Amino acid sequence: MIDDSDGDPIDRTGDEPPDGATPGGCRGGRGGSGASDGGSAVGDEVGAGDGVAGDGELATDGGLDAETGSEPRIQFYGGKWASTIPIAFFIVWAIFQSGVLGIGDTNGLVIGALLGTILGMFFVRGDWKAYADTIFEGMTQRVAATAIVAWLWAGMFAETLQVGGFVEGLIFAADALNVGAATFPAAAFVLCGLLATGIGTGYGATVAFVTLFFPAGVLIGANPVLLFAAILSGAVFGDNLAPVSDTTIVSAVTQDADIGGVVASRFKYAIAAAIPAFIAYLVMGSVLSGASLEGSAALRESATAIGLVHLISMGVVIATAVAGRHIVEAISWGLVVAVGFNLVFGLSSVSDVLVFTVTEAGTFTSLPFVAVGETASVGGSLYSGAIGFFPLIVLTLLIVSMAQIMIRGGGFAAIQEFLLDSVATTVRRAELTMVLGTATINGMITINTAAEIAIAPYVARIGEKFNINGYRRANILDANTSALGYIFPWAGGVLVGYQVMVGPEGLGAEYGPEMVVNPIAVVPYVFHGWFLVIIFLLAAVTGFGREYIPDRTSEEVSRA
């Protein structure tokens, strides 16, 4: 009973579903119905780092708690809406800095977040202690830590592959396979999508591909902006579709749906967006000219195939992650293999991986990882791969804390109630508000998993009100948070790739300013992300793929 009509003008609140099913859940005999207070029943067990508890409600220590139905913990002059001041100030700052001035500096965004947080304090009624405590509460959210850990591990792994000649190996392979500048962005989109789907983290895939595939593509003549956008599109694909992705897990369990069924049901949407995106990258790759880098011709001539041995290193990560091991374990095994290959095949020295630089020769300077230099320091791929993300880590903690202020101050609940009571009056409008609501929250909470956890109770409430199936709700929730998390220029998915370019030993420092892309420039070219949002807007308007709660249960998924 899939509704492919152009919408249902009837308010289905209180409708008696077919077959005597009870509104509020789609999982049959597993886990009960969705919570009537805006929460959602959660499955038995989910992967580590997903920010979801197994006791029937969103975890207060692992995800953002929307606190629907309770009084705000922080009172503001101006009411609940004043709690949005810190994050609203940050968004205006980010737009002015990135869009108007064209400055894509993560450090500048950190200052904007700090000033926004301080500004909000002056609107607090009474004691500021609750406000200050909420800042710490937000910064200790597990959802932020999950993203940070992924960046650190992926950064070390990607940088170790880079010093091991993987970029040169990719250039050699591109020449041998006749993958030119025009087709490289389309190829990067497909390959990044496959990696992100395999390892379950779009952030990790972005780090790896910007570190390795991006310079290889630019050096053979691909347009830097288009190539960066293609990598982000691949990350969107994997984040949205991977069974082990945080966003997939959160979208499924918060909407009372099984993960396997959710992945199977969203495949048609992902492919419908991926095919035109692939074509768009082929077309635009021929239209947009590449950058001219000094020495790129010489590098292409000297490129050798030996660096391609690190395809095995990446394969180890993918295979370990697909086998169900934690992403930290998967990348750690890949890192061990990569270091081993570097040393065995002479691709890099020990000091390229880790080096302690001292100012005077001594007993330990005979060790391969100790060197003598003008200033004392620590270096190598492990160090540079991790240290480059520190500004982004600080920004992430501040963004999540600002989101928590909005939640504790009641602003988030006010947005939800307004949409639920005033906008979502029919099934069609309900689904449109799900799409636009997730887009709005993702613009504020730019870490996609955090945004998804925050908006999930609202999506569950409105879905249960209009009898919308959990699979449908999960797909709407995940598609938009996955897509827009790699489109907004201040979003975590974009900034993690940008940070690889501008870090202390980033691509800009190594190859030149042509390797640095302003985050605002990629917005129009993240084709898969935009197509995914458009597809769900059209699906909400036309009713394509719409299912109601009695239409399908999790037991039926295995037979579908």
# chains A, B, ... in the order shown; residues from 1 in each chain; ligands from 1
call {"tool": "select_by_dssp", "arguments": {"residues": "region 216-376 of chain A", "states": "strand (DSSP E or B)", "output": "list in words"}}
result
Val355, Phe356, Thr357, Val358, Val370, Ala371 and Val372 of chain A
call {"tool": "select_by_dssp", "arguments": {"residues": "region 279-409 of chain A", "states": "helix (DSSP H, G or I)", "output": "VMD selection string"}}
result
chain A and resid 279 to 287 296 to 302 305 to 322 327 to 344 350 to 353 363 to 366 381 to 387 390 to 408
call {"tool": "atom_distance", "arguments": {"atom1": "CA of Ala376 (chain A)", "atom2": "CA of Phe356 (chain A)"}}
result
7.6 Å
call {"tool": "closest_residue", "arguments": {"among": "A:Pro243, A:Ala187, A:Val344, A:Ala235", "to": "Leu282 (chain A)", "atoms": "only C-alpha atoms"}}
result
A:Ala187
call {"tool": "closest_residue", "arguments": {"among": "A:Val427, A:Ala303, A:Leu477, A:Val400", "to": "Thr542 (chain A)", "atoms": "only C-alpha atoms"}}
result
A:Val427
call {"tool": "closest_residue", "arguments": {"among": "A:Asp421, A:Asp478, A:Asp352, A:Glu374", "to": "Leu161 (chain A)", "atoms": "only C-alpha atoms"}}
result
A:Asp352
call {"tool": "atom_distance", "arguments": {"atom1": "CA of Ile387 (chain A)", "atom2": "CA of Phe157 (chain A)"}}
result
12.8 Å
call {"tool": "closest_atom_pairs", "arguments": {"of": "region 68-139 of chain A", "to": "region 500-519 of chain A", "cutoff": "8 Å", "atoms": "only C-alpha atoms", "output": "JSON lines"}}
result
{"residue": "A:Ser98", "atom": "CA", "partner": "A:Pro519", "partner_atom": "CA", "distance": 7.3}
{"residue": "A:Gly102", "atom": "CA", "partner": "A:Asn518", "partner_atom": "CA", "distance": 7.0}
{"residue": "A:Ile103", "atom": "CA", "partner": "A:Asn518", "partner_atom": "CA", "distance": 7.1}
{"residue": "A:Gly104", "atom": "CA", "partner": "A:Asn518", "partner_atom": "CA", "distance": 5.3}
call {"tool": "write_last_selection", "arguments": {"atoms": "N, CA and C atoms", "output": "short mmCIF file (atom, residue, chain, number, x, y, z; two decimals), in the first residue's frame"}}
result
data_model
loop_
_atom_site.label_atom_id
_atom_site.label_comp_id
_atom_site.auth_asym_id
_atom_site.auth_seq_id
_atom_site.Cartn_x
_atom_site.Cartn_y
_atom_site.Cartn_z
N SER A 98 32.66 33.72 5.22
CA SER A 98 32.90 32.83 4.07
C SER A 98 32.28 33.34 2.78
N GLY A 102 34.79 36.05 1.65
CA GLY A 102 35.52 34.99 0.97
C GLY A 102 36.68 34.44 1.76
N ILE A 103 36.55 34.45 3.10
CA ILE A 103 37.62 33.94 3.97
C ILE A 103 37.17 32.60 4.55
N GLY A 104 37.77 31.54 4.10
CA GLY A 104 37.39 30.22 4.60
C GLY A 104 38.28 29.74 5.71
#
call {"tool": "atom_distance", "arguments": {"atom1": "CA of Ala82 (chain A)", "atom2": "CA of Thr425 (chain A)"}}
result
26.5 Å
call {"tool": "closest_residue", "arguments": {"among": "A:Ile118, A:Ile271, A:Met406, A:Val523", "to": "Ala230 (chain A)", "atoms": "only C-alpha atoms"}}
result
A:Val523
call {"tool": "residues_around", "arguments": {"residues": "region 188-190 of chain A", "least_positions_apart": "3", "cutoff": "8 Å", "atoms": "only C-alpha atoms", "output": "mmCIF file with all heavy atoms, in the first residue's frame"}}
result
data_model
loop_
_atom_site.group_PDB
_atom_site.id
_atom_site.type_symbol
_atom_site.label_atom_id
_atom_site.label_comp_id
_atom_site.auth_asym_id
_atom_site.auth_seq_id
_atom_site.Cartn_x
_atom_site.Cartn_y
_atom_site.Cartn_z
ATOM 1 N N PHE A 184 38.255 12.812 -13.942
ATOM 2 C CA PHE A 184 38.740 12.532 -12.587
ATOM 3 C C PHE A 184 37.707 12.871 -11.510
ATOM 4 O O PHE A 184 37.524 12.089 -10.566
ATOM 5 C CB PHE A 184 40.055 13.277 -12.325
ATOM 6 C CG PHE A 184 40.886 12.646 -11.249
ATOM 7 C CD1 PHE A 184 41.889 11.745 -11.560
ATOM 8 C CD2 PHE A 184 40.666 12.942 -9.910
ATOM 9 C CE1 PHE A 184 42.657 11.148 -10.576
ATOM 10 C CE2 PHE A 184 41.420 12.348 -8.915
ATOM 11 C CZ PHE A 184 42.422 11.453 -9.248
ATOM 12 N N PRO A 185 36.995 14.020 -11.585
ATOM 13 C CA PRO A 185 35.989 14.292 -10.544
ATOM 14 C C PRO A 185 34.898 13.225 -10.477
ATOM 15 O O PRO A 185 34.486 12.828 -9.376
ATOM 16 C CB PRO A 185 35.417 15.655 -10.958
ATOM 17 C CG PRO A 185 36.515 16.301 -11.711
ATOM 18 C CD PRO A 185 37.178 15.181 -12.476
ATOM 19 N N GLY A 193 32.473 7.505 -2.714
ATOM 20 C CA GLY A 193 31.210 6.940 -2.277
ATOM 21 C C GLY A 193 31.354 5.498 -1.840
ATOM 22 O O GLY A 193 30.776 5.078 -0.833
ATOM 23 N N LEU A 194 32.158 4.730 -2.575
ATOM 24 C CA LEU A 194 32.385 3.331 -2.210
ATOM 25 C C LEU A 194 33.148 3.224 -0.888
ATOM 26 O O LEU A 194 32.827 2.394 -0.037
ATOM 27 C CB LEU A 194 33.159 2.619 -3.323
ATOM 28 C CG LEU A 194 32.403 2.419 -4.641
ATOM 29 C CD1 LEU A 194 33.320 1.830 -5.694
ATOM 30 C CD2 LEU A 194 31.178 1.531 -4.434
ATOM 31 N N PHE A 209 40.328 11.187 0.996
ATOM 32 C CA PHE A 209 40.301 11.566 -0.421
ATOM 33 C C PHE A 209 40.852 12.961 -0.667
ATOM 34 O O PHE A 209 41.485 13.204 -1.692
ATOM 35 C CB PHE A 209 38.884 11.427 -0.978
ATOM 36 C CG PHE A 209 38.632 10.088 -1.615
ATOM 37 C CD1 PHE A 209 38.537 8.948 -0.833
ATOM 38 C CD2 PHE A 209 38.532 9.960 -2.981
ATOM 39 C CE1 PHE A 209 38.325 7.701 -1.402
ATOM 40 C CE2 PHE A 209 38.330 8.725 -3.571
ATOM 41 C CZ PHE A 209 38.229 7.590 -2.783
ATOM 42 N N PHE A 213 43.485 11.773 -3.082
ATOM 43 C CA PHE A 213 42.948 11.875 -4.441
ATOM 44 C C PHE A 213 42.887 13.317 -4.922
ATOM 45 O O PHE A 213 43.060 13.573 -6.116
ATOM 46 C CB PHE A 213 41.555 11.243 -4.500
ATOM 47 C CG PHE A 213 41.571 9.748 -4.606
ATOM 48 C CD1 PHE A 213 41.940 8.960 -3.521
ATOM 49 C CD2 PHE A 213 41.225 9.113 -5.774
ATOM 50 C CE1 PHE A 213 41.959 7.583 -3.603
ATOM 51 C CE2 PHE A 213 41.244 7.727 -5.875
ATOM 52 C CZ PHE A 213 41.617 6.957 -4.790
ATOM 53 N N LEU A 227 36.471 19.093 -8.064
ATOM 54 C CA LEU A 227 36.993 17.855 -7.486
ATOM 55 C C LEU A 227 36.684 17.776 -5.991
ATOM 56 O O LEU A 227 36.292 16.709 -5.488
ATOM 57 C CB LEU A 227 38.492 17.765 -7.730
ATOM 58 C CG LEU A 227 39.192 16.495 -7.241
ATOM 59 C CD1 LEU A 227 38.514 15.246 -7.774
ATOM 60 C CD2 LEU A 227 40.669 16.509 -7.637
ATOM 61 N N ALA A 230 33.097 16.917 -5.675
ATOM 62 C CA ALA A 230 32.835 15.518 -6.018
ATOM 63 C C ALA A 230 33.170 14.598 -4.850
ATOM 64 O O ALA A 230 32.454 13.620 -4.584
ATOM 65 C CB ALA A 230 33.651 15.126 -7.248
ATOM 66 N N ILE A 231 34.254 14.898 -4.139
ATOM 67 C CA ILE A 231 34.622 14.117 -2.961
ATOM 68 C C ILE A 231 33.551 14.260 -1.882
ATOM 69 O O ILE A 231 33.144 13.276 -1.242
ATOM 70 C CB ILE A 231 35.993 14.565 -2.438
ATOM 71 C CG1 ILE A 231 37.092 14.159 -3.436
ATOM 72 C CG2 ILE A 231 36.283 13.987 -1.058
ATOM 73 C CD1 ILE A 231 38.455 14.747 -3.137
ATOM 74 N N LEU A 232 33.058 15.482 -1.676
ATOM 75 C CA LEU A 232 32.000 15.698 -0.692
ATOM 76 C C LEU A 232 30.727 14.948 -1.088
ATOM 77 O O LEU A 232 30.024 14.397 -0.230
ATOM 78 C CB LEU A 232 31.714 17.195 -0.557
ATOM 79 C CG LEU A 232 32.852 18.047 0.026
ATOM 80 C CD1 LEU A 232 32.494 19.525 -0.041
ATOM 81 C CD2 LEU A 232 33.160 17.642 1.453
ATOM 82 N N SER A 233 30.432 14.909 -2.381
ATOM 83 C CA SER A 233 29.263 14.162 -2.846
ATOM 84 C C SER A 233 29.407 12.672 -2.555
ATOM 85 O O SER A 233 28.444 12.000 -2.162
ATOM 86 C CB SER A 233 29.063 14.377 -4.351
ATOM 87 O OG SER A 233 28.459 15.617 -4.624
ATOM 88 N N GLY A 234 30.606 12.147 -2.758
ATOM 89 C CA GLY A 234 30.844 10.749 -2.424
ATOM 90 C C GLY A 234 30.643 10.479 -0.944
ATOM 91 O O GLY A 234 30.100 9.439 -0.551
ATOM 92 N N PHE A 278 26.642 11.831 -11.142
ATOM 93 C CA PHE A 278 27.775 11.299 -11.910
ATOM 94 C C PHE A 278 27.826 11.950 -13.290
ATOM 95 O O PHE A 278 28.897 12.367 -13.757
ATOM 96 C CB PHE A 278 27.646 9.784 -12.035
ATOM 97 C CG PHE A 278 28.741 9.137 -12.841
ATOM 98 C CD1 PHE A 278 29.998 8.943 -12.294
ATOM 99 C CD2 PHE A 278 28.505 8.738 -14.149
ATOM 100 C CE1 PHE A 278 31.014 8.354 -13.038
ATOM 101 C CE2 PHE A 278 29.505 8.158 -14.902
ATOM 102 C CZ PHE A 278 30.764 7.958 -14.342
#
call {"tool": "residues_around", "arguments": {"residues": "Gly79 (chain A)", "least_positions_apart": "5", "cutoff": "9 Å", "atoms": "only C-alpha atoms", "output": "NGL selection string"}}
result
:A and (409-411)
call {"tool": "closest_residue", "arguments": {"among": "A:Asp175, A:Asp105, A:Asp246, A:Asp239", "to": "Leu392 (chain A)", "atoms": "only C-alpha atoms"}}
result
A:Asp105
call {"tool": "closest_residue", "arguments": {"among": "A:Val496, A:Leu170, A:Leu347, A:Leu484", "to": "Val218 (chain A)", "atoms": "only C-alpha atoms"}}
result
A:Leu170
call {"tool": "decode", "arguments": {"residues": "region 339-350 of chain A", "atoms": "all heavy atoms", "output": "mmCIF file, in the first residue's frame"}}
result
data_model
loop_
_atom_site.group_PDB
_atom_site.id
_atom_site.type_symbol
_atom_site.label_atom_id
_atom_site.label_comp_id
_atom_site.auth_asym_id
_atom_site.auth_seq_id
_atom_site.Cartn_x
_atom_site.Cartn_y
_atom_site.Cartn_z
ATOM 1 N N VAL A 339 52.178 1.770 7.615
ATOM 2 C CA VAL A 339 53.537 2.019 8.129
ATOM 3 C C VAL A 339 54.456 0.872 7.733
ATOM 4 O O VAL A 339 55.603 1.089 7.317
ATOM 5 C CB VAL A 339 53.509 2.199 9.659
ATOM 6 C CG1 VAL A 339 54.935 2.250 10.215
ATOM 7 C CG2 VAL A 339 52.754 3.466 10.047
ATOM 8 N N GLY A 340 53.959 -0.363 7.842
ATOM 9 C CA GLY A 340 54.768 -1.517 7.455
ATOM 10 C C GLY A 340 55.176 -1.465 5.990
ATOM 11 O O GLY A 340 56.339 -1.706 5.645
ATOM 12 N N PHE A 341 54.230 -1.148 5.103
ATOM 13 C CA PHE A 341 54.539 -1.048 3.676
ATOM 14 C C PHE A 341 55.554 0.070 3.415
ATOM 15 O O PHE A 341 56.472 -0.084 2.595
ATOM 16 C CB PHE A 341 53.263 -0.774 2.880
ATOM 17 C CG PHE A 341 52.420 -2.004 2.655
ATOM 18 C CD1 PHE A 341 51.087 -1.885 2.297
ATOM 19 C CD2 PHE A 341 52.945 -3.276 2.805
ATOM 20 C CE1 PHE A 341 50.297 -3.006 2.084
ATOM 21 C CE2 PHE A 341 52.170 -4.411 2.600
ATOM 22 C CZ PHE A 341 50.847 -4.275 2.240
ATOM 23 N N ASN A 342 55.387 1.207 4.094
ATOM 24 C CA ASN A 342 56.322 2.314 3.899
ATOM 25 C C ASN A 342 57.750 1.904 4.207
ATOM 26 O O ASN A 342 58.689 2.250 3.476
ATOM 27 C CB ASN A 342 55.922 3.497 4.790
ATOM 28 C CG ASN A 342 54.753 4.281 4.228
ATOM 29 O OD1 ASN A 342 54.255 3.979 3.142
ATOM 30 N ND2 ASN A 342 54.307 5.283 4.961
ATOM 31 N N LEU A 343 57.919 1.161 5.300
ATOM 32 C CA LEU A 343 59.269 0.787 5.717
ATOM 33 C C LEU A 343 59.808 -0.389 4.899
ATOM 34 O O LEU A 343 60.970 -0.379 4.490
ATOM 35 C CB LEU A 343 59.254 0.431 7.207
ATOM 36 C CG LEU A 343 58.798 1.557 8.160
ATOM 37 C CD1 LEU A 343 58.854 1.088 9.605
ATOM 38 C CD2 LEU A 343 59.661 2.803 7.973
ATOM 39 N N VAL A 344 58.975 -1.370 4.627
ATOM 40 C CA VAL A 344 59.437 -2.557 3.888
ATOM 41 C C VAL A 344 59.809 -2.206 2.456
ATOM 42 O O VAL A 344 60.833 -2.661 1.931
ATOM 43 C CB VAL A 344 58.352 -3.654 3.918
ATOM 44 C CG1 VAL A 344 58.713 -4.786 2.950
ATOM 45 C CG2 VAL A 344 58.190 -4.203 5.322
ATOM 46 N N PHE A 345 59.006 -1.392 1.795
ATOM 47 C CA PHE A 345 59.249 -1.047 0.392
ATOM 48 C C PHE A 345 60.063 0.231 0.226
ATOM 49 O O PHE A 345 60.266 0.690 -0.902
ATOM 50 C CB PHE A 345 57.921 -0.904 -0.347
ATOM 51 C CG PHE A 345 57.163 -2.193 -0.505
ATOM 52 C CD1 PHE A 345 56.090 -2.488 0.320
ATOM 53 C CD2 PHE A 345 57.534 -3.130 -1.458
ATOM 54 C CE1 PHE A 345 55.387 -3.675 0.194
ATOM 55 C CE2 PHE A 345 56.839 -4.331 -1.594
ATOM 56 C CZ PHE A 345 55.767 -4.603 -0.766
ATOM 57 N N GLY A 346 60.526 0.804 1.320
ATOM 58 C CA GLY A 346 61.340 2.007 1.235
ATOM 59 C C GLY A 346 60.579 3.226 0.750
ATOM 60 O O GLY A 346 61.173 4.156 0.182
ATOM 61 N N LEU A 347 59.267 3.251 0.963
ATOM 62 C CA LEU A 347 58.453 4.376 0.506
ATOM 63 C C LEU A 347 58.646 5.608 1.385
ATOM 64 O O LEU A 347 58.445 6.738 0.930
ATOM 65 C CB LEU A 347 56.976 3.968 0.500
ATOM 66 C CG LEU A 347 56.614 2.831 -0.462
ATOM 67 C CD1 LEU A 347 55.173 2.396 -0.251
ATOM 68 C CD2 LEU A 347 56.825 3.264 -1.904
ATOM 69 N N SER A 348 59.008 5.389 2.617
ATOM 70 C CA SER A 348 59.311 6.501 3.520
ATOM 71 C C SER A 348 60.218 5.976 4.620
ATOM 72 O O SER A 348 60.324 4.765 4.838
ATOM 73 C CB SER A 348 58.035 7.093 4.127
ATOM 74 O OG SER A 348 57.458 6.204 5.070
ATOM 75 N N SER A 349 60.857 6.880 5.307
ATOM 76 C CA SER A 349 61.711 6.511 6.432
ATOM 77 C C SER A 349 60.906 6.544 7.725
ATOM 78 O O SER A 349 59.764 7.030 7.750
ATOM 79 C CB SER A 349 62.888 7.489 6.537
ATOM 80 O OG SER A 349 62.413 8.797 6.832
ATOM 81 N N VAL A 350 61.509 6.051 8.789
ATOM 82 C CA VAL A 350 60.861 6.109 10.100
ATOM 83 C C VAL A 350 60.580 7.554 10.486
ATOM 84 O O VAL A 350 59.512 7.877 11.010
ATOM 85 C CB VAL A 350 61.732 5.421 11.165
ATOM 86 C CG1 VAL A 350 61.138 5.627 12.558
ATOM 87 C CG2 VAL A 350 61.893 3.939 10.872
#
